[in-house]
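Asker: Have a peek at query08.cif (mmCIF, C-alpha atoms, pLDDT in the B column; chains and numbers go by the auth columns).
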```
data_structure
#
loop_
_atom_site.group_PDB
_atom_site.id
_atom_site.type_symbol
_atom_site.label_atom_id
_atom_site.label_comp_id
_atom_site.label_asym_id
_atom_site.label_seq_id
_atom_site.Cartn_x
_atom_site.Cartn_y
_atom_site.Cartn_z
_atom_site.B_iso_or_equiv
_atom_site.auth_seq_id
_atom_site.auth_asym_id
ATOM 1 C CA MET A 1 108.593 114.772 19.700 49.00 158 K
ATOM 2 C CA SER A 2 111.478 116.424 21.518 59.00 159 K
ATOM 3 C CA ALA A 3 111.210 118.526 24.671 70.00 160 K
ATOM 4 C CA THR A 4 114.557 120.266 24.172 70.00 161 K
ATOM 5 C CA SER A 5 113.280 123.210 22.182 85.00 162 K
ATOM 6 C CA PHE A 6 111.221 126.315 22.793 93.00 163 K
ATOM 7 C CA ALA A 7 107.547 126.031 23.617 93.00 164 K
ATOM 8 C CA VAL A 8 105.205 128.275 21.678 91.00 165 K
ATOM 9 C CA THR A 9 102.883 129.739 24.280 93.00 166 K
ATOM 10 C CA PRO A 10 99.844 132.033 24.035 92.00 167 K
ATOM 11 C CA GLU A 11 99.440 135.406 25.719 95.00 168 K
ATOM 12 C CA PRO A 12 99.458 135.020 29.521 97.00 169 K
ATOM 13 C CA PRO A 13 97.821 133.972 31.735 98.00 170 K
ATOM 14 C CA TYR A 14 98.471 130.239 31.432 98.00 171 K
ATOM 15 C CA TYR A 15 100.108 127.676 33.691 98.00 172 K
ATOM 16 C CA ALA A 16 103.641 126.325 34.017 98.00 173 K
ATOM 17 C CA VAL A 17 104.542 123.078 35.779 98.00 174 K
ATOM 18 C CA VAL A 18 108.209 123.284 36.791 98.00 175 K
ATOM 19 C CA PHE A 19 109.745 119.880 37.528 98.00 176 K
ATOM 20 C CA SER A 20 113.344 119.884 38.828 98.00 177 K
ATOM 21 C CA SER A 21 115.027 116.548 39.342 97.00 178 K
ATOM 22 C CA GLN A 22 118.293 114.855 40.130 97.00 179 K
ATOM 23 C CA ARG A 23 118.544 111.614 38.136 97.00 180 K
ATOM 24 C CA ILE A 24 120.430 108.559 39.319 97.00 181 K
ATOM 25 C CA ALA A 25 123.241 107.359 37.039 96.00 182 K
ATOM 26 C CA GLU A 26 121.496 104.215 35.693 96.00 183 K
ATOM 27 C CA ASP A 27 118.809 104.517 32.996 96.00 184 K
ATOM 28 C CA ARG A 28 116.445 101.767 34.328 97.00 185 K
ATOM 29 C CA GLY A 29 113.980 102.397 31.518 97.00 186 K
ATOM 30 C CA TYR A 30 113.800 106.139 32.142 97.00 187 K
ATOM 31 C CA ALA A 31 114.664 107.512 28.686 96.00 188 K
ATOM 32 C CA ALA A 32 111.957 105.541 26.869 97.00 189 K
ATOM 33 C CA VAL A 33 109.276 106.503 29.377 97.00 190 K
ATOM 34 C CA ALA A 34 110.387 110.160 29.359 96.00 191 K
ATOM 35 C CA ASP A 35 109.929 110.254 25.563 97.00 192 K
ATOM 36 C CA ARG A 36 106.550 108.572 25.924 97.00 193 K
ATOM 37 C CA MET A 37 105.439 111.110 28.549 97.00 194 K
ATOM 38 C CA VAL A 38 106.177 114.006 26.184 97.00 195 K
ATOM 39 C CA GLU A 39 104.078 112.292 23.494 97.00 196 K
ATOM 40 C CA LEU A 40 101.292 111.597 25.970 98.00 197 K
ATOM 41 C CA ALA A 41 101.257 115.093 27.497 98.00 198 K
ATOM 42 C CA ALA A 42 100.891 116.597 24.031 97.00 199 K
ATOM 43 C CA LYS A 43 97.569 114.751 23.626 98.00 200 K
ATOM 44 C CA VAL A 44 96.040 116.102 26.826 98.00 201 K
ATOM 45 C CA PRO A 45 93.421 118.809 26.147 98.00 202 K
ATOM 46 C CA GLY A 46 94.865 122.135 27.239 98.00 203 K
ATOM 47 C CA PHE A 47 98.520 121.161 26.656 98.00 204 K
ATOM 48 C CA VAL A 48 100.493 124.130 25.353 97.00 205 K
ATOM 49 C CA GLY A 49 104.134 123.025 25.193 97.00 206 K
ATOM 50 C CA ILE A 50 107.094 121.539 27.018 97.00 207 K
ATOM 51 C CA GLU A 51 110.776 122.409 27.459 97.00 208 K
ATOM 52 C CA SER A 52 113.476 120.352 29.089 97.00 209 K
ATOM 53 C CA ALA A 53 117.207 120.537 29.854 97.00 210 K
ATOM 54 C CA ARG A 54 119.496 118.218 31.800 97.00 211 K
ATOM 55 C CA GLY A 55 123.212 118.718 32.406 96.00 212 K
ATOM 56 C CA THR A 56 125.990 116.162 32.610 96.00 213 K
ATOM 57 C CA ASP A 57 125.580 116.296 36.413 96.00 214 K
ATOM 58 C CA ARG A 58 122.117 114.765 35.808 97.00 215 K
ATOM 59 C CA PHE A 59 120.299 117.731 37.330 97.00 216 K
ATOM 60 C CA GLY A 60 117.408 118.595 35.049 97.00 217 K
ATOM 61 C CA ILE A 61 114.508 121.002 34.692 98.00 218 K
ATOM 62 C CA THR A 62 111.378 120.300 32.668 98.00 219 K
ATOM 63 C CA VAL A 63 108.736 122.974 32.273 98.00 220 K
ATOM 64 C CA SER A 64 105.391 122.054 30.758 98.00 221 K
ATOM 65 C CA TYR A 65 102.836 124.706 29.857 98.00 222 K
ATOM 66 C CA TRP A 66 99.067 124.350 30.172 98.00 223 K
ATOM 67 C CA ARG A 67 96.057 126.446 29.258 98.00 224 K
ATOM 68 C CA ASP A 68 94.579 126.334 32.778 98.00 225 K
ATOM 69 C CA LEU A 69 94.582 124.410 36.080 98.00 226 K
ATOM 70 C CA GLU A 70 92.020 121.929 34.757 98.00 227 K
ATOM 71 C CA ALA A 71 94.509 120.896 32.066 98.00 228 K
ATOM 72 C CA VAL A 72 97.277 120.553 34.691 98.00 229 K
ATOM 73 C CA GLU A 73 94.953 118.342 36.716 98.00 230 K
ATOM 74 C CA ARG A 74 94.091 116.157 33.702 98.00 231 K
ATOM 75 C CA TRP A 75 97.797 115.583 33.145 98.00 232 K
ATOM 76 C CA ARG A 76 98.601 115.034 36.829 97.00 233 K
ATOM 77 C CA THR A 77 95.954 112.331 37.086 97.00 234 K
ATOM 78 C CA ASP A 78 96.487 110.615 33.715 98.00 235 K
ATOM 79 C CA ILE A 79 96.670 106.887 34.485 98.00 236 K
ATOM 80 C CA GLU A 80 99.811 106.202 32.456 98.00 237 K
ATOM 81 C CA HIS A 81 101.445 109.322 33.857 98.00 238 K
ATOM 82 C CA LEU A 82 100.576 108.230 37.406 98.00 239 K
ATOM 83 C CA ALA A 83 102.395 104.940 36.776 98.00 240 K
ATOM 84 C CA ALA A 84 105.432 106.870 35.510 98.00 241 K
ATOM 85 C CA GLN A 85 105.307 109.139 38.584 97.00 242 K
ATOM 86 C CA ARG A 86 105.460 106.033 40.803 97.00 243 K
ATOM 87 C CA ARG A 87 108.498 104.713 38.910 97.00 244 K
ATOM 88 C CA GLY A 88 110.077 108.160 39.174 96.00 245 K
ATOM 89 C CA ARG A 89 109.775 108.202 42.945 95.00 246 K
ATOM 90 C CA ASN A 90 110.948 104.597 43.331 96.00 247 K
ATOM 91 C CA GLU A 91 113.508 104.120 40.578 96.00 248 K
ATOM 92 C CA TRP A 92 114.666 107.212 38.684 97.00 249 K
ATOM 93 C CA TYR A 93 115.190 110.233 40.899 97.00 250 K
ATOM 94 C CA GLU A 94 117.406 110.888 43.881 96.00 251 K
ATOM 95 C CA ARG A 95 115.206 113.873 44.512 96.00 252 K
ATOM 96 C CA PHE A 96 112.680 116.055 42.714 97.00 253 K
ATOM 97 C CA GLU A 97 110.655 119.224 43.160 97.00 254 K
ATOM 98 C CA LEU A 98 107.381 120.064 41.469 97.00 255 K
ATOM 99 C CA ARG A 99 105.912 123.548 41.306 98.00 256 K
ATOM 100 C CA ILE A 100 102.693 124.741 39.700 98.00 257 K
ATOM 101 C CA ALA A 101 102.783 128.399 38.712 98.00 258 K
ATOM 102 C CA LYS A 102 100.568 130.862 36.860 98.00 259 K
ATOM 103 C CA VAL A 103 102.465 132.669 34.117 98.00 260 K
ATOM 104 C CA GLU A 104 101.634 136.367 34.313 98.00 261 K
ATOM 105 C CA ARG A 105 104.161 137.874 31.864 97.00 262 K
ATOM 106 C CA ALA A 106 106.318 136.561 29.032 97.00 263 K
ATOM 107 C CA SER A 107 108.852 138.005 26.628 95.00 264 K
ATOM 108 C CA PHE A 108 111.159 136.661 23.941 93.00 265 K
ATOM 109 C CA GLY A 109 114.413 137.620 22.323 91.00 266 K
ATOM 110 C CA PRO A 110 116.799 138.670 20.971 86.00 267 K
ATOM 111 C CA ALA A 111 114.665 141.709 20.149 69.00 268 K
ATOM 112 C CA MET B 1 127.610 129.533 44.420 50.00 135 U
ATOM 113 C CA SER B 2 126.248 126.960 42.006 58.00 136 U
ATOM 114 C CA ALA B 3 122.819 127.098 40.399 70.00 137 U
ATOM 115 C CA THR B 4 122.762 123.401 39.540 70.00 138 U
ATOM 116 C CA SER B 5 121.119 122.226 42.731 85.00 139 U
ATOM 117 C CA PHE B 6 117.715 122.430 44.338 93.00 140 U
ATOM 118 C CA ALA B 7 116.367 125.737 45.583 93.00 141 U
ATOM 119 C CA VAL B 8 114.917 125.780 49.078 90.00 142 U
ATOM 120 C CA THR B 9 111.666 127.694 48.764 93.00 143 U
ATOM 121 C CA PRO B 10 109.058 128.811 51.306 92.00 144 U
ATOM 122 C CA GLU B 11 105.373 127.912 51.310 95.00 145 U
ATOM 123 C CA PRO B 12 103.669 129.343 48.197 97.00 146 U
ATOM 124 C CA PRO B 13 102.814 131.889 47.007 98.00 147 U
ATOM 125 C CA TYR B 14 106.124 133.214 45.698 98.00 148 U
ATOM 126 C CA TYR B 15 107.437 134.010 42.225 98.00 149 U
ATOM 127 C CA ALA B 16 109.406 132.028 39.641 98.00 150 U
ATOM 128 C CA VAL B 17 111.294 133.585 36.729 98.00 151 U
ATOM 129 C CA VAL B 18 111.716 130.924 34.043 98.00 152 U
ATOM 130 C CA PHE B 19 114.461 131.724 31.560 98.00 153 U
ATOM 131 C CA SER B 20 114.865 129.298 28.625 98.00 154 U
ATOM 132 C CA SER B 21 117.732 129.866 26.233 97.00 155 U
ATOM 133 C CA GLN B 22 119.643 128.444 23.330 97.00 156 U
ATOM 134 C CA ARG B 23 123.328 129.281 23.725 97.00 157 U
ATOM 135 C CA ILE B 24 125.674 129.775 20.803 96.00 158 U
ATOM 136 C CA ALA B 25 128.710 127.482 20.690 96.00 159 U
ATOM 137 C CA GLU B 26 131.367 130.040 21.684 96.00 160 U
ATOM 138 C CA ASP B 27 131.751 131.139 25.303 96.00 161 U
ATOM 139 C CA ARG B 28 132.483 134.866 24.643 97.00 162 U
ATOM 140 C CA GLY B 29 132.767 135.560 28.373 97.00 163 U
ATOM 141 C CA TYR B 30 129.405 133.965 29.169 97.00 164 U
ATOM 142 C CA ALA B 31 130.448 131.462 31.851 96.00 165 U
ATOM 143 C CA ALA B 32 132.134 134.013 34.092 97.00 166 U
ATOM 144 C CA VAL B 33 129.216 136.448 33.854 97.00 167 U
ATOM 145 C CA ALA B 34 126.685 133.658 34.467 96.00 168 U
ATOM 146 C CA ASP B 35 128.481 132.737 37.702 97.00 169 U
ATOM 147 C CA ARG B 36 128.617 136.394 38.690 97.00 170 U
ATOM 148 C CA MET B 37 124.867 136.806 38.019 97.00 171 U
ATOM 149 C CA VAL B 38 124.070 133.949 40.421 97.00 172 U
ATOM 150 C CA GLU B 39 126.204 135.623 43.094 97.00 173 U
ATOM 151 C CA LEU B 40 124.591 138.987 42.427 98.00 174 U
ATOM 152 C CA ALA B 41 121.008 137.682 42.378 98.00 175 U
ATOM 153 C CA ALA B 42 121.567 136.056 45.771 97.00 176 U
ATOM 154 C CA LYS B 43 122.230 139.497 47.274 98.00 177 U
ATOM 155 C CA VAL B 44 118.985 141.043 46.024 98.00 178 U
ATOM 156 C CA PRO B 45 116.421 141.480 48.826 98.00 179 U
ATOM 157 C CA GLY B 46 113.643 138.950 48.259 98.00 180 U
ATOM 158 C CA PHE B 47 115.842 136.409 46.454 98.00 181 U
ATOM 159 C CA VAL B 48 114.808 132.875 47.376 97.00 182 U
ATOM 160 C CA GLY B 49 116.852 130.514 45.220 97.00 183 U
ATOM 161 C CA ILE B 50 117.970 129.561 41.725 97.00 184 U
ATOM 162 C CA GLU B 51 118.173 126.349 39.694 97.00 185 U
ATOM 163 C CA SER B 52 119.749 125.818 36.301 97.00 186 U
ATOM 164 C CA ALA B 53 120.322 123.039 33.778 97.00 187 U
ATOM 165 C CA ARG B 54 121.801 123.062 30.274 97.00 188 U
ATOM 166 C CA GLY B 55 122.212 120.045 28.004 96.00 189 U
ATOM 167 C CA THR B 56 124.962 119.264 25.529 96.00 190 U
ATOM 168 C CA ASP B 57 122.697 120.748 22.806 96.00 191 U
ATOM 169 C CA ARG B 58 123.194 124.086 24.649 97.00 192 U
ATOM 170 C CA PHE B 59 119.481 124.461 25.372 97.00 193 U
ATOM 171 C CA GLY B 60 119.134 125.534 28.986 97.00 194 U
ATOM 172 C CA ILE B 61 116.553 126.474 31.590 98.00 195 U
ATOM 173 C CA THR B 62 117.245 128.658 34.617 98.00 196 U
ATOM 174 C CA VAL B 63 114.526 129.214 37.204 98.00 197 U
ATOM 175 C CA SER B 64 115.064 131.835 39.879 98.00 198 U
ATOM 176 C CA TYR B 65 112.648 132.172 42.797 98.00 199 U
ATOM 177 C CA TRP B 66 111.619 135.429 44.452 98.00 200 U
ATOM 178 C CA ARG B 67 109.535 136.417 47.459 98.00 201 U
ATOM 179 C CA ASP B 68 107.298 138.779 45.475 98.00 202 U
ATOM 180 C CA LEU B 69 107.038 140.848 42.265 98.00 203 U
ATOM 181 C CA GLU B 70 108.925 143.729 43.869 98.00 204 U
ATOM 182 C CA ALA B 71 111.939 141.445 44.295 98.00 205 U
ATOM 183 C CA VAL B 72 111.649 140.290 40.654 98.00 206 U
ATOM 184 C CA GLU B 73 111.612 143.928 39.599 98.00 207 U
ATOM 185 C CA ARG B 74 114.676 144.776 41.709 98.00 208 U
ATOM 186 C CA TRP B 75 116.543 141.966 39.964 98.00 209 U
ATOM 187 C CA ARG B 76 115.269 142.805 36.492 97.00 210 U
ATOM 188 C CA THR B 77 116.448 146.387 36.823 97.00 211 U
ATOM 189 C CA ASP B 78 119.779 145.802 38.637 98.00 212 U
ATOM 190 C CA ILE B 79 122.351 147.833 36.723 98.00 213 U
ATOM 191 C CA GLU B 80 124.955 145.070 36.405 98.00 214 U
ATOM 192 C CA HIS B 81 122.221 142.600 35.448 98.00 215 U
ATOM 193 C CA LEU B 82 120.924 145.011 32.790 98.00 216 U
ATOM 194 C CA ALA B 83 124.416 145.092 31.251 98.00 217 U
ATOM 195 C CA ALA B 84 124.488 141.268 31.243 97.00 218 U
ATOM 196 C CA GLN B 85 121.022 141.178 29.637 97.00 219 U
ATOM 197 C CA ARG B 86 122.341 143.380 26.835 97.00 220 U
ATOM 198 C CA ARG B 87 125.301 141.077 26.262 97.00 221 U
ATOM 199 C CA GLY B 88 122.928 138.102 26.313 96.00 222 U
ATOM 200 C CA ARG B 89 120.805 139.562 23.533 95.00 223 U
ATOM 201 C CA ASN B 90 123.791 140.641 21.460 96.00 224 U
ATOM 202 C CA GLU B 91 126.414 137.961 22.080 96.00 225 U
ATOM 203 C CA TRP B 92 125.353 134.831 23.940 97.00 226 U
ATOM 204 C CA TYR B 93 121.928 133.554 22.898 97.00 227 U
ATOM 205 C CA GLU B 94 120.492 132.435 19.605 96.00 228 U
ATOM 206 C CA ARG B 95 117.141 132.797 21.262 96.00 229 U
ATOM 207 C CA PHE B 96 115.601 133.094 24.713 97.00 230 U
ATOM 208 C CA GLU B 97 112.254 133.159 26.465 97.00 231 U
ATOM 209 C CA LEU B 98 111.492 134.769 29.806 97.00 232 U
ATOM 210 C CA ARG B 99 108.396 134.046 31.849 98.00 233 U
ATOM 211 C CA ILE B 100 107.334 135.446 35.211 98.00 234 U
ATOM 212 C CA ALA B 101 104.995 133.147 37.106 98.00 235 U
ATOM 213 C CA LYS B 102 103.369 133.000 40.535 98.00 236 U
ATOM 214 C CA VAL B 103 103.984 129.664 42.242 98.00 237 U
ATOM 215 C CA GLU B 104 100.710 128.452 43.737 98.00 238 U
ATOM 216 C CA ARG B 105 101.593 124.885 44.794 98.00 239 U
ATOM 217 C CA ALA B 106 104.798 122.957 45.419 97.00 240 U
ATOM 218 C CA SER B 107 105.720 119.420 46.415 95.00 241 U
ATOM 219 C CA PHE B 108 108.908 117.440 46.836 93.00 242 U
ATOM 220 C CA GLY B 109 109.998 113.853 46.681 91.00 243 U
ATOM 221 C CA PRO B 110 110.626 110.987 46.761 86.00 244 U
ATOM 222 C CA ALA B 111 108.043 110.781 49.567 69.00 245 U
#
```
What does this structure look like when you write it as structure tokens?
Answerer:
Amino acid sequence: MSATSFAVTPEPPYYAVVFSSQRIAEDRGYAAVADRMVELAAKVPGFVGIESARGTDRFGITVSYWRDLEAVERWRTDIEHLAAQRRGRNEWYERFELRIAKVERASFGPA
Amino acid sequence: MSATSFAVTPEPPYYAVVFSSQRIAEDRGYAAVADRMVELAAKVPGFVGIESARGTDRFGITVSYWRDLEAVERWRTDIEHLAAQRRGRNEWYERFELRIAKVERASFGPA
């Protein structure tokens, strides 16, 4: 499953988790775990979709979409995800930001 | 001003505008207008910050942050921005998604 495509989301409201990060230059096992996290997130009840982009400067944004806060919380506290979060802090990111936001309006185009 | 760095945001709540897009291969004046839009957004009262990433597959995510919905609306209806939105629909994007979301929680790391 790839994260670099459009998420199909329901009518608002639902939740978005916006994760911005600056990667270090070395992989250190990151790519494999990132793929695994997309797979894993998709199995969490309440998962809606995920989108991700990272430039050649290694600054990236991943947005995952969730039915409600309970689904966000299930994902945040998933045991395998928690282990990946620890590796992220210690090994993969120079810096990151995480924001949890309630989507109120959405539109699509061209139209 | 570059959008490919971390936004400094206040304590929630505030608003995030998440814009996901698939660019076509040709530039068609996009890069210059994109830079100009970042400059212009930064002058709108209630602007908080902006972050952007686009991969080599041309799928990109830009998240701009705003103090409140009134600020989002000022930006959405800015006359020069409206002209850029038209060009986006007609010339620059295969597809895009726009979501307006209220940030309820935020955290930063490593920490």
Asker: I would like the residues chosen by the PyMOL selection byres ((chain U and resi 191-201) around 9) on the shown file; could you give them as number ranges by chain?
Answerer: K: 161-163, 175, 208-212, 217-220; U: 137, 141, 143-144, 147-159, 175, 179-190, 202-206
Asker: Name the residues in contact with Glu248 in chain K at a cut-off of 10 Å, using all atoms listed in the file, excluding same-chain residues fewer than 3 positions from it; report them as a PyMOL selection string.
Answerer: (chain K and resi 180-181+183-187+241-245+251) or (chain U and resi 244)
Asker: Can you list, as an mmCIF file with C-alpha atoms, in the frame of the given file, the residues that the PyMOL selection byres ((chain K) within 6 of (chain U)) selects here?
Answerer:
```
data_model
loop_
_atom_site.group_PDB
_atom_site.id
_atom_site.type_symbol
_atom_site.label_atom_id
_atom_site.label_comp_id
_atom_site.auth_asym_id
_atom_site.auth_seq_id
_atom_site.Cartn_x
_atom_site.Cartn_y
_atom_site.Cartn_z
ATOM 1 C CA ALA K 210 117.207 120.537 29.854
ATOM 2 C CA ARG K 211 119.496 118.218 31.800
ATOM 3 C CA GLY K 212 123.212 118.718 32.406
ATOM 4 C CA GLY K 217 117.408 118.595 35.049
ATOM 5 C CA ARG K 246 109.775 108.202 42.945
ATOM 6 C CA ARG K 252 115.206 113.873 44.512
ATOM 7 C CA PHE K 253 112.680 116.055 42.714
ATOM 8 C CA GLU K 254 110.655 119.224 43.160
ATOM 9 C CA LEU K 255 107.381 120.064 41.469
ATOM 10 C CA ARG K 256 105.912 123.548 41.306
ATOM 11 C CA ILE K 257 102.693 124.741 39.700
ATOM 12 C CA ALA K 258 102.783 128.399 38.712
ATOM 13 C CA LYS K 259 100.568 130.862 36.860
ATOM 14 C CA VAL K 260 102.465 132.669 34.117
ATOM 15 C CA GLU K 261 101.634 136.367 34.313
ATOM 16 C CA ARG K 262 104.161 137.874 31.864
ATOM 17 C CA ALA K 263 106.318 136.561 29.032
ATOM 18 C CA SER K 264 108.852 138.005 26.628
ATOM 19 C CA PHE K 265 111.159 136.661 23.941
ATOM 20 C CA GLY K 266 114.413 137.620 22.323
ATOM 21 C CA PRO K 267 116.799 138.670 20.971
#
```
Asker: Once you add 3 Å to each side, what are the centre and edge lengths of the axis-aligned box holding all listed atoms of range 172-180 of chain K? One decimal in Å, as AutoDock Vina command-line options, if you can.
Answerer:
```
--center_x 109.3 --center_y 119.6 --center_z 36.9 --size_x 24.4 --size_y 22.1 --size_z 12.4
```
Asker: To one decimal in Å, tell me the separation between CA of Thr234 in chain K and CA of Val201 in chain K.
Answerer: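 According to the coordinates, CA of Thr234 in chain K and CA of Val201 in chain K are separated by 10.9 Å.
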Asker: Just how far from CA of Glu145 in chain U is CA of Asp212 in chain U, in Å to one decimal?
Answerer: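 Rounded to one decimal, the two atoms are 26.2 Å apart.
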Asker: Quick one: distance from CA of Glu207 in chain U to CA of Val167 in chain U in Å, one decimal?
Answerer: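 Pair CA of Glu207 in chain U / CA of Val167 in chain U returns 20.0 Å.
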Asker: What's the 10 Å shell around Met194 in chain K, counting all atoms listed in the file, without same-chain residues fewer than 4 positions away, as a ChimeraX atom specification?
Answerer: /K:188-190,198-200,232,237-238,241
